[in-house]
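**Student:** Next comes the structure file work.txt, holding compact mmCIF, C-alpha atoms and all ligand atoms.
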# COMPACT_ATOMS: atom_id res chain seq x y z
CA MET J 163 -13.07 39.08 -17.68
CA GLU J 164 -15.60 36.85 -19.47
CA ALA J 165 -14.19 34.72 -22.27
CA LEU J 166 -15.29 31.93 -24.61
CA GLY J 167 -18.82 32.11 -23.19
CA LEU J 168 -17.62 31.60 -19.60
CA THR J 169 -18.33 33.96 -16.70
CA GLY J 170 -15.51 35.84 -15.00
CA ASP J 171 -15.54 33.38 -12.10
CA GLU J 172 -15.36 30.41 -14.46
CA VAL J 173 -12.44 31.98 -16.33
CA ALA J 174 -10.66 32.50 -12.99
CA GLU J 175 -11.17 28.81 -12.16
CA VAL J 176 -9.84 27.77 -15.57
CA LEU J 177 -6.71 29.91 -15.09
CA ALA J 178 -6.20 28.58 -11.54
CA THR J 179 -6.25 25.05 -12.99
CA ALA J 180 -3.75 26.09 -15.68
CA SER J 181 -1.37 27.45 -13.06
CA LEU J 182 -1.16 24.13 -11.20
CA ALA J 183 1.32 23.06 -13.90
CA PRO J 184 4.94 22.26 -12.95
CA SER J 185 7.71 24.77 -13.68
CA LEU J 186 11.44 25.01 -13.14
CA HIS J 187 11.97 25.96 -9.45
CA ASN J 188 8.21 26.64 -9.34
CA ALA J 189 8.79 30.01 -11.03
CA GLN J 190 5.37 29.83 -12.78
CA PRO J 191 6.55 31.69 -15.89
CA TRP J 192 3.09 32.15 -17.46
CA ARG J 193 0.65 34.99 -17.89
CA PHE J 194 -2.71 35.22 -19.64
CA ARG J 195 -4.50 37.90 -21.62
CA VAL J 196 -8.24 37.35 -21.52
CA ALA J 197 -10.51 38.70 -24.29
CA PRO J 198 -14.14 37.78 -25.03
CA ASP J 199 -13.17 35.56 -27.99
CA ARG J 200 -9.82 34.13 -26.77
CA ILE J 201 -7.39 33.43 -23.95
CA GLU J 202 -3.76 34.16 -24.81
CA LEU J 203 -0.83 32.45 -23.10
CA HIS J 204 2.31 34.57 -22.66
CA PRO J 205 5.67 33.89 -20.99
CA ASP J 206 6.42 36.04 -17.93
CA PRO J 207 9.88 37.60 -18.37
CA ASP J 208 10.04 38.41 -14.64
CA ARG J 209 9.89 34.68 -13.91
CA HIS J 210 12.67 33.61 -16.22
CA LEU J 211 15.78 31.89 -14.78
CA PRO J 212 18.59 33.04 -17.10
CA ALA J 213 21.44 30.97 -15.60
CA THR J 214 19.65 27.62 -15.45
CA ASP J 215 17.41 28.14 -18.49
CA PRO J 216 19.31 30.63 -20.71
CA ASP J 217 17.12 30.16 -23.80
CA GLY J 218 13.78 30.15 -21.98
CA ARG J 219 13.24 26.57 -23.19
CA GLU J 220 12.06 25.28 -19.82
CA ALA J 221 9.83 28.32 -19.34
CA ARG J 222 8.11 27.39 -22.63
CA LEU J 223 7.82 23.74 -21.49
CA ALA J 224 6.12 24.95 -18.31
CA CYS J 225 3.81 27.24 -20.34
CA GLY J 226 2.93 24.24 -22.55
CA ALA J 227 2.07 22.25 -19.42
CA ALA J 228 -0.17 25.11 -18.23
CA LEU J 229 -1.80 25.15 -21.68
CA PHE J 230 -2.62 21.45 -21.37
CA ASN J 231 -4.31 22.08 -18.01
CA LEU J 232 -6.23 24.98 -19.54
CA ARG J 233 -7.43 22.73 -22.37
CA LEU J 234 -8.66 20.16 -19.82
CA ALA J 235 -10.45 22.79 -17.75
CA LEU J 236 -12.26 24.09 -20.85
CA GLN J 237 -13.17 20.57 -22.01
CA ALA J 238 -14.61 19.82 -18.59
CA ARG J 239 -16.89 22.85 -19.11
CA GLY J 240 -18.08 21.49 -22.46
CA ILE J 241 -15.85 23.72 -24.62
CA ARG J 242 -13.69 22.28 -27.39
CA PRO J 243 -10.48 24.34 -27.17
CA LEU J 244 -9.13 25.49 -30.50
CA VAL J 245 -5.43 26.02 -29.81
CA SER J 246 -3.03 27.92 -32.08
CA LEU J 247 0.63 27.89 -31.15
CA LEU J 248 2.16 31.23 -32.09
CA PRO J 249 5.68 32.31 -33.03
CA GLY J 250 5.41 35.88 -31.65
CA ALA J 251 5.05 37.50 -28.22
CA ALA J 252 2.16 35.23 -27.23
CA LEU J 253 3.00 31.51 -27.15
CA ALA J 254 -0.54 30.38 -27.89
CA GLU J 255 -4.13 31.49 -28.13
CA VAL J 256 -7.16 29.43 -27.32
CA ARG J 257 -10.55 30.01 -28.93
CA ARG J 258 -13.90 28.28 -28.67
CA GLY J 259 -14.02 25.48 -31.21
CA GLY J 260 -17.55 24.27 -30.50
CA ARG J 261 -19.05 21.91 -27.96
CA TYR J 262 -17.05 19.14 -26.27
CA PRO J 263 -18.80 16.29 -24.49
CA ALA J 264 -16.34 15.71 -21.62
CA ASP J 265 -15.40 12.02 -21.50
CA GLU J 266 -14.12 9.78 -18.74
CA GLU J 267 -10.46 10.37 -19.63
CA THR J 268 -10.85 14.16 -19.49
CA ARG J 269 -12.43 13.88 -16.05
CA GLU J 270 -9.67 11.55 -14.81
CA LEU J 271 -6.89 13.80 -16.08
CA LEU J 272 -8.58 16.89 -14.65
CA ALA J 273 -8.92 15.17 -11.27
CA ALA J 274 -5.18 14.44 -11.44
CA VAL J 275 -4.27 18.14 -11.86
CA PRO J 276 -4.40 19.09 -8.13
CA ALA J 277 -3.09 15.65 -7.07
CA ARG J 278 0.04 15.77 -9.28
CA ARG J 279 3.27 16.73 -7.55
CA SER J 280 6.97 16.50 -8.24
CA ASN J 281 8.08 13.80 -5.84
CA ARG J 282 11.79 13.98 -5.06
CA ARG J 283 11.73 11.41 -2.28
CA PRO J 284 12.85 7.79 -2.66
CA PHE J 285 10.26 5.60 -4.38
CA ARG J 286 9.24 2.12 -3.32
CA ASP J 287 11.30 -0.67 -4.85
CA VAL J 288 8.39 -1.83 -7.03
CA PRO J 289 8.67 -1.91 -10.84
CA VAL J 290 6.26 0.09 -13.01
CA PRO J 291 4.04 -2.45 -14.82
CA VAL J 292 4.52 -2.73 -18.57
CA ALA J 293 0.89 -1.69 -19.21
CA HIS J 294 1.47 1.55 -17.28
CA ARG J 295 4.65 2.20 -19.19
CA ARG J 296 2.74 1.79 -22.43
CA ALA J 297 0.07 4.20 -21.21
CA LEU J 298 2.77 6.82 -20.59
CA VAL J 299 4.21 6.32 -24.08
CA ARG J 300 0.73 6.67 -25.59
CA ALA J 301 0.00 9.81 -23.56
CA VAL J 302 3.05 11.50 -25.05
CA GLU J 303 2.27 10.29 -28.57
CA ARG J 304 -1.22 11.78 -28.28
CA GLU J 305 0.47 15.17 -27.92
CA ARG J 306 2.64 14.61 -31.00
CA SER J 307 5.84 14.05 -29.03
CA TRP J 308 8.08 11.10 -28.26
CA LEU J 309 8.81 9.23 -25.04
CA HIS J 310 12.10 7.39 -24.94
CA VAL J 311 12.12 4.72 -22.24
CA VAL J 312 15.64 4.05 -20.97
CA ALA J 313 15.56 0.30 -21.09
CA ASP J 314 18.86 -1.52 -21.20
CA ALA J 315 21.65 -1.44 -18.64
CA ASP J 316 24.21 0.16 -20.91
CA GLU J 317 21.94 3.05 -21.88
CA ARG J 318 21.02 3.54 -18.23
CA TYR J 319 24.68 3.76 -17.35
CA GLN J 320 25.26 6.33 -20.11
CA VAL J 321 22.29 8.49 -19.09
CA ARG J 322 23.36 8.34 -15.44
CA ARG J 323 26.86 9.39 -16.43
CA LEU J 324 25.43 12.43 -18.29
CA VAL J 325 23.27 13.39 -15.29
CA THR J 326 26.33 13.27 -13.02
CA LYS J 327 28.45 15.23 -15.49
CA ALA J 328 25.88 18.02 -15.97
CA HIS J 329 25.11 18.10 -12.25
CA ARG J 330 28.79 18.77 -11.58
CA VAL J 331 28.90 21.58 -14.15
CA GLN J 332 25.90 23.24 -12.52
CA THR J 333 27.05 22.86 -8.92
CA GLU J 334 30.29 24.62 -9.90
CA ASP J 335 28.39 27.51 -11.54
CA PRO J 336 27.72 30.29 -8.99
CA ALA J 337 24.89 31.80 -11.06
CA VAL J 338 23.01 28.48 -11.25
CA ARG J 339 23.57 27.97 -7.52
CA ALA J 340 22.28 31.48 -6.78
CA GLU J 341 19.04 30.82 -8.68
CA LEU J 342 18.52 27.58 -6.78
CA THR J 343 19.04 29.36 -3.46
CA ALA J 344 16.75 32.24 -4.43
CA TRP J 345 13.90 29.89 -5.33
CA THR J 346 14.31 27.44 -2.47
CA THR J 347 14.10 29.98 0.29
CA HIS J 348 10.80 31.77 0.80
CA ARG J 349 12.04 34.87 -0.96
CA ALA J 350 9.83 34.27 -3.98
CA PRO J 351 6.24 35.13 -2.98
CA ASN J 352 3.81 32.32 -3.83
CA GLY J 353 6.50 30.47 -5.75
CA GLY J 354 9.71 28.51 -5.30
CA VAL J 355 10.31 25.08 -3.83
CA PRO J 356 9.51 24.93 -0.10
CA ALA J 357 11.67 22.78 2.20
CA GLU J 358 8.81 20.27 2.64
CA SER J 359 8.90 19.57 -1.12
CA ALA J 360 12.63 18.92 -1.25
CA GLY J 361 13.72 15.29 -1.38
CA VAL J 362 16.19 13.86 1.08
CA LEU J 363 19.75 15.13 1.30
CA PRO J 364 22.04 13.64 -1.35
CA ALA J 365 24.31 10.79 -0.19
CA PRO J 366 27.44 9.25 -1.75
CA GLN J 367 25.64 5.97 -2.55
CA ASP J 368 23.02 7.71 -4.75
CA GLU J 369 23.14 6.49 -8.34
CA TRP J 370 21.23 9.43 -9.81
CA ALA J 371 22.41 12.97 -9.00
CA LEU J 372 19.17 14.70 -8.06
CA ARG J 373 19.17 18.47 -7.72
CA ASP J 374 19.72 19.36 -4.08
CA PHE J 375 16.82 21.45 -2.77
CA HIS J 376 18.26 21.26 0.77
CA GLY J 377 16.12 18.29 1.76
CA ALA J 378 15.70 16.55 5.07
CA PRO J 379 18.38 14.20 6.45
CA ARG J 380 17.73 10.66 5.28
CA PRO J 381 16.54 8.12 7.86
CA PRO J 382 18.78 5.01 7.94
CA GLY J 383 17.86 2.45 5.27
CA LYS J 384 15.85 5.00 3.28
CA ASP J 385 17.92 5.10 0.12
CA TYR J 386 16.70 5.85 -3.38
CA GLU J 387 15.08 2.99 -5.26
CA PRO J 388 17.71 1.00 -7.17
CA ASP J 389 15.84 0.76 -10.44
CA PRO J 390 13.48 3.65 -11.24
CA LEU J 391 11.76 3.86 -14.61
CA VAL J 392 13.74 6.55 -16.42
CA VAL J 393 12.17 8.27 -19.43
CA VAL J 394 13.19 11.09 -21.75
CA LEU J 395 10.40 13.23 -23.17
CA CYS J 396 11.43 14.42 -26.64
CA SER J 397 10.06 16.64 -29.37
CA PHE J 398 10.35 15.76 -33.04
CA TYR J 399 11.84 19.12 -33.95
CA ALA J 400 13.64 21.99 -32.19
CA GLY J 401 12.51 25.53 -31.43
CA PRO J 402 9.96 27.44 -29.36
CA LEU J 403 6.80 25.96 -30.91
CA ALA J 404 8.13 22.43 -30.40
CA GLU J 405 8.87 23.29 -26.76
CA VAL J 406 5.30 24.46 -26.10
CA GLN J 407 4.08 21.30 -27.83
CA ALA J 408 6.40 19.16 -25.69
CA GLY J 409 5.17 20.97 -22.57
CA GLN J 410 1.64 19.80 -23.34
CA ALA J 411 2.95 16.26 -23.77
CA LEU J 412 4.84 16.58 -20.49
CA GLN J 413 1.67 17.46 -18.64
CA ARG J 414 -0.40 14.70 -20.26
CA LEU J 415 2.40 12.30 -19.27
CA LEU J 416 2.51 13.53 -15.65
CA LEU J 417 -1.27 13.53 -15.24
CA THR J 418 -1.55 10.05 -16.76
CA ALA J 419 1.14 8.88 -14.34
CA THR J 420 -0.74 10.47 -11.42
CA SER J 421 -4.02 8.83 -12.44
CA LEU J 422 -2.19 5.46 -12.49
CA GLY J 423 -0.91 6.02 -8.94
CA LEU J 424 2.63 6.81 -10.12
CA SER J 425 4.93 9.62 -9.00
CA ALA J 426 7.61 11.40 -11.01
CA SER J 427 10.46 13.81 -10.54
CA PHE J 428 12.72 15.63 -12.96
CA MET J 429 16.45 15.32 -13.53
CA SER J 430 16.89 18.26 -15.89
CA GLN J 431 20.62 18.87 -15.51
CA PRO J 432 21.78 17.00 -18.67
CA ILE J 433 19.24 18.85 -20.80
CA GLU J 434 19.98 22.26 -19.29
CA VAL J 435 23.75 22.06 -19.84
CA ARG J 436 24.05 22.58 -23.58
CA GLN J 437 27.07 20.38 -24.39
CA VAL J 438 25.68 17.52 -22.30
CA ARG J 439 22.29 17.91 -24.01
CA ASP J 440 24.00 17.32 -27.36
CA GLU J 441 25.58 14.13 -25.97
CA LEU J 442 22.21 12.95 -24.70
CA ARG J 443 20.64 13.66 -28.07
CA ARG J 444 23.31 11.61 -29.83
CA LEU J 445 22.80 8.79 -27.33
CA LEU J 446 19.10 8.73 -28.29
CA GLY J 447 19.93 8.39 -31.98
CA GLY J 448 20.31 12.04 -32.97
CA SER J 449 16.90 12.72 -34.50
CA VAL J 450 14.55 13.50 -31.59
CA VAL J 451 15.21 16.48 -29.30
CA PRO J 452 15.37 15.72 -25.54
CA GLN J 453 13.19 18.10 -23.51
CA ALA J 454 12.73 16.52 -20.07
CA LEU J 455 14.29 13.63 -18.17
CA LEU J 456 12.18 12.00 -15.48
CA ARG J 457 12.27 9.18 -12.97
CA VAL J 458 8.94 7.47 -12.42
CA GLY J 459 7.85 5.08 -9.70
CA TYR J 460 5.68 4.55 -6.66
CA GLY J 461 6.19 7.35 -4.13
CA SER J 462 4.90 8.34 -0.71
CA PRO J 463 2.62 11.40 -0.39
CA VAL J 464 4.23 14.86 -0.67
CA PRO J 465 2.66 18.27 -0.02
CA PRO J 466 1.57 20.74 -2.73
CA THR J 467 3.72 23.74 -3.69
CA PRO J 468 2.37 27.34 -3.61
CA ARG J 469 0.96 29.19 -6.63
CA ARG J 470 0.43 32.85 -7.50
CA ALA J 471 -3.08 34.31 -7.28
CA VAL J 472 -4.96 34.42 -10.60
CA ARG J 473 -5.12 38.24 -10.51
CA ASP J 474 -1.29 38.28 -10.67
CA LEU J 475 -1.35 36.21 -13.87
CA LEU J 476 -3.45 38.64 -15.90
CA LEU J 477 -2.04 40.87 -18.62
CA GLY J 478 -3.99 44.03 -19.23
CA GLY J 479 -5.04 45.55 -22.56
C1 LIG U 501 10.96 22.14 -17.27
C2 LIG U 501 11.03 21.72 -15.82
C3 LIG U 501 12.25 21.32 -15.29
C4 LIG U 501 12.33 20.89 -13.96
N1 LIG U 501 13.54 20.43 -13.48
C5 LIG U 501 13.61 19.94 -12.23
C6 LIG U 501 14.83 19.34 -11.74
O1 LIG U 501 15.81 19.24 -12.45
N2 LIG U 501 14.83 18.83 -10.49
C7 LIG U 501 13.71 18.85 -9.69
O2 LIG U 501 13.77 18.36 -8.59
N3 LIG U 501 12.55 19.42 -10.12
C8 LIG U 501 12.48 19.94 -11.37
N4 LIG U 501 11.29 20.45 -11.83
C9 LIG U 501 10.09 20.40 -10.98
C10 LIG U 501 9.75 21.75 -10.39
O3 LIG U 501 10.67 22.13 -9.40
C11 LIG U 501 8.31 21.68 -9.85
O4 LIG U 501 7.44 21.50 -10.92
C12 LIG U 501 7.89 22.92 -9.08
O5 LIG U 501 8.64 23.07 -7.91
C13 LIG U 501 6.40 22.90 -8.72
O6 LIG U 501 6.11 21.79 -7.90
P1 LIG U 501 5.08 20.67 -8.34
O7 LIG U 501 5.61 20.03 -9.60
O8 LIG U 501 5.06 19.70 -7.20
O9 LIG U 501 3.76 21.33 -8.60
C14 LIG U 501 11.19 20.89 -13.15
C15 LIG U 501 9.96 21.30 -13.70
C16 LIG U 501 9.89 21.70 -15.02
C17 LIG U 501 8.55 22.08 -15.62
Written as structure tokens, how would this file's structure read?
Ligand SMILES: Cc1cc2nc3c(=O)[nH]c(=O)nc-3n(C[C@H](O)[C@H](O)[C@H](O)COP(=O)(O)O)c2cc1C
**Tutor:**
Amino acid sequence: MEALGLTGDEVAEVLATASLAPSLHNAQPWRFRVAPDRIELHPDPDRHLPATDPDGREARLACGAALFNLRLALQARGIRPLVSLLPGAALAEVRRGGRYPADEETRELLAAVPARRSNRRPFRDVPVPVAHRRALVRAVERERSWLHVVADADERYQVRRLVTKAHRVQTEDPAVRAELTAWTTHRAPNGGVPAESAGVLPAPQDEWALRDFHGAPRPPGKDYEPDPLVVVLCSFYAGPLAEVQAGQALQRLLLTATSLGLSASFMSQPIEVRQVRDELRRLLGGSVVPQALLRVGYGSPVPPTPRRAVRDLLLGG
């Protein structure tokens, strides 16, 4: 499966890097078709979570994140990736756009790919420096998306209220609960969220309603940080292409955070529950489209999550 001038082994390494992207419940909803002149990115319908992600929006975000990793892996091999986002069955195709002299930033972001993890545990009570916050905003802008930083106390309160509201809707929905259970036990081969990656068990004093992945009991005094940096990744327009674009921005954001020593975890409930998503959008001014809500801070180390083998990601023909 040579492609873009790379050997079969190199292509396998590039795809393994792509698949280290984050995805809802670690479903890894991506597949690749490899041809000599291109690598195509496709969604994997078998890895779709219809109750939590009815429109496949989060699957496309995850595919966009995998696409960003793939771009980095090609750049590190001296290839300028020529990416076309597509409206059809394939989400994107990547061709060889000439030579790319890999720079320091590419190397740093690529080094962050295996180090990045969703960190659901309490963060240290240390504020994120303004310069780091600016770097995160810039990372998202570079991928033609928008990062809204939740800054003032009133907005924080409103966002927190929407998280709680959507969380309640989802915990009362048996289909959403069933998907969570299916992907948190080891039923999903080489996927899902293992117990070691869950945060701590929710407690009544928690301000932010994090999704409960059946975490460990919380040691006394180990509460969530009182003041995490909360950001909303947004696209400038709605629809599948914008979601793949936002997924690339998501991954540049997460890798930039990792390279700055920061951790992040998602609070997707208010974006997944449609009527709450509309409220969140209005709260942000009504023009940008919220795609991911994250808390960012300084975390303690967490283990990696499993991934499928590259041979299981290949589409034939
Ligand atoms: C679109 C999207 C939505 C996600 N939503 C949540 C969420 O609401 N809560 C959460 O704890 N993790 C969420 N995650 C994180 C995934 O569970 C995580 O990426 C996956 O388990 C793989 O683990 P890793 O990120 O450590 O590689 C989300 C990830 C993506 C890409």
**Student:** Near range 238-243 of chain J, counting all atoms listed in the file, which residues have an atom at most 7 Å away, once you skip same-chain residues fewer than 2 positions from it, shown as a PyMOL selection string?
**Tutor:** chain J and resi 233-236+245+256-264+268-269
**Student:** Between J:Val435, J:Val450, J:Ala426, J:Val472, single out the one closest to Tyr399 in chain J, counting only C-alpha atoms.
**Tutor:** J:Val450
**Student:** With a distance cut-off of 6 Å and all atoms listed in the file, select the neighbouring residues of range 374-377 of chain J, excluding the residue or stretch itself and same-chain residues fewer than 2 positions from it, and output the selection as a ChimeraX atom specification.
**Tutor:** /J:360-363
**Student:** Quick one: residues within 10 Å of (6.5, 30.9, -12.3) (file frame), counting all atoms listed in the file, please, as number ranges by chain.
**Tutor:** J: 181, 183-193, 205-211, 221, 224-225, 350, 352-354, 469-470, 475
**Student:** Mind running chain J against ligand LIG 501 (chain U) at 6 Å and telling me each contacting residue's nearest atom pair with the distance in Å (one decimal), counting all atoms listed in the file, chain and number ascending, as CSV?
**Tutor:**
residue,atom,partner,partner_atom,distance
J:Pro184,CA,U:LIG501,O4,3.3
J:Ser185,CA,U:LIG501,C17,3.4
J:Leu186,CA,U:LIG501,C15,4.0
J:His187,CA,U:LIG501,O3,4.0
J:Asn188,CA,U:LIG501,C12,3.7
J:Glu220,CA,U:LIG501,C1,4.2
J:Leu223,CA,U:LIG501,C1,5.5
J:Ala224,CA,U:LIG501,C17,4.6
J:Arg279,CA,U:LIG501,O8,3.5
J:Ser280,CA,U:LIG501,O8,3.9
J:Arg282,CA,U:LIG501,O2,6.0
J:Val355,CA,U:LIG501,O5,4.8
J:Arg373,CA,U:LIG501,N2,5.2
J:Ser427,CA,U:LIG501,O2,6.0
J:Phe428,CA,U:LIG501,C6,4.4
J:Met429,CA,U:LIG501,O1,4.1
J:Ser430,CA,U:LIG501,O1,3.7
J:Gln431,CA,U:LIG501,O1,5.7
J:Pro466,CA,U:LIG501,O8,5.8
J:Thr467,CA,U:LIG501,O6,5.2
**Student:** Counting all atoms listed in the file, which residues have an atom no more than 6 Å from (11.8, 10.3, -20.4) in the file's coordinates? Please list them as a list of chain:residue names.
**Tutor:**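 Output: J:Leu309, J:His310, J:Val311, J:Val392, J:Val393, J:Val394, J:Leu395, J:Leu455, J:Leu456.
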**Student:** Place N, CA and C atoms on range 243-273 of chain J and deliver the coordinates as a compact mmCIF listing (two decimals), in the coordinates of the input.
**Tutor:**
# COMPACT_ATOMS: atom_id res chain seq x y z
N PRO J 243 -11.47 23.26 -27.02
CA PRO J 243 -10.48 24.34 -27.17
C PRO J 243 -9.79 24.28 -28.53
N LEU J 244 -9.80 25.40 -29.21
CA LEU J 244 -9.13 25.49 -30.50
C LEU J 244 -7.81 26.22 -30.25
N VAL J 245 -6.71 25.47 -30.24
CA VAL J 245 -5.43 26.02 -29.81
C VAL J 245 -4.57 26.35 -31.02
N SER J 246 -4.04 27.57 -31.06
CA SER J 246 -3.03 27.92 -32.08
C SER J 246 -1.74 28.24 -31.35
N LEU J 247 -0.68 27.54 -31.69
CA LEU J 247 0.63 27.89 -31.15
C LEU J 247 1.18 29.02 -32.01
N LEU J 248 1.79 30.01 -31.37
CA LEU J 248 2.16 31.23 -32.09
C LEU J 248 3.66 31.49 -31.99
N PRO J 249 4.23 32.07 -33.05
CA PRO J 249 5.68 32.31 -33.03
C PRO J 249 6.07 33.67 -32.44
N GLY J 250 5.10 34.50 -32.06
CA GLY J 250 5.41 35.88 -31.65
C GLY J 250 5.48 36.05 -30.15
N ALA J 251 4.98 37.20 -29.65
CA ALA J 251 5.05 37.50 -28.22
C ALA J 251 4.20 36.53 -27.41
N ALA J 252 2.99 36.24 -27.90
CA ALA J 252 2.16 35.23 -27.23
C ALA J 252 2.62 33.86 -27.69
N LEU J 253 2.59 32.88 -26.78
CA LEU J 253 3.00 31.51 -27.15
C LEU J 253 1.85 30.75 -27.79
N ALA J 254 0.63 31.10 -27.38
CA ALA J 254 -0.54 30.38 -27.89
C ALA J 254 -1.78 31.21 -27.65
N GLU J 255 -2.81 30.94 -28.45
CA GLU J 255 -4.13 31.49 -28.13
C GLU J 255 -5.15 30.37 -28.24
N VAL J 256 -6.15 30.47 -27.38
CA VAL J 256 -7.16 29.43 -27.32
C VAL J 256 -8.51 30.07 -27.60
N ARG J 257 -9.22 29.52 -28.59
CA ARG J 257 -10.55 30.01 -28.93
C ARG J 257 -11.57 28.90 -28.72
N ARG J 258 -12.83 29.26 -28.86
CA ARG J 258 -13.90 28.28 -28.67
C ARG J 258 -14.13 27.54 -29.97
N GLY J 259 -13.90 26.25 -29.97
CA GLY J 259 -14.02 25.48 -31.21
C GLY J 259 -15.31 24.68 -31.28
N GLY J 260 -16.29 25.02 -30.49
CA GLY J 260 -17.55 24.27 -30.50
C GLY J 260 -17.74 23.52 -29.20
N ARG J 261 -18.72 22.61 -29.21
CA ARG J 261 -19.05 21.91 -27.96
C ARG J 261 -18.17 20.67 -27.79
N TYR J 262 -17.87 20.33 -26.53
CA TYR J 262 -17.05 19.14 -26.27
C TYR J 262 -17.75 18.32 -25.20
N PRO J 263 -18.20 17.12 -25.53
CA PRO J 263 -18.80 16.29 -24.49
C PRO J 263 -17.68 15.65 -23.65
N ALA J 264 -17.48 16.17 -22.45
CA ALA J 264 -16.34 15.71 -21.62
C ALA J 264 -16.45 14.20 -21.37
N ASP J 265 -15.39 13.47 -21.67
CA ASP J 265 -15.40 12.02 -21.50
C ASP J 265 -14.70 11.63 -20.20
N GLU J 266 -14.68 10.32 -19.96
CA GLU J 266 -14.12 9.78 -18.74
C GLU J 266 -12.63 10.17 -18.59
N GLU J 267 -11.90 10.08 -19.69
CA GLU J 267 -10.46 10.37 -19.63
C GLU J 267 -10.21 11.83 -19.24
N THR J 268 -11.00 12.73 -19.83
CA THR J 268 -10.85 14.16 -19.49
C THR J 268 -11.07 14.35 -17.99
N ARG J 269 -12.11 13.71 -17.48
CA ARG J 269 -12.43 13.88 -16.05
C ARG J 269 -11.30 13.31 -15.18
N GLU J 270 -10.76 12.16 -15.59
CA GLU J 270 -9.67 11.55 -14.81
C GLU J 270 -8.42 12.45 -14.80
N LEU J 271 -8.09 12.95 -15.99
CA LEU J 271 -6.89 13.80 -16.08
C LEU J 271 -7.10 15.09 -15.30
N LEU J 272 -8.31 15.65 -15.37
CA LEU J 272 -8.58 16.89 -14.65
C LEU J 272 -8.49 16.65 -13.13
N ALA J 273 -9.00 15.50 -12.70
CA ALA J 273 -8.92 15.17 -11.27
C ALA J 273 -7.47 15.02 -10.83
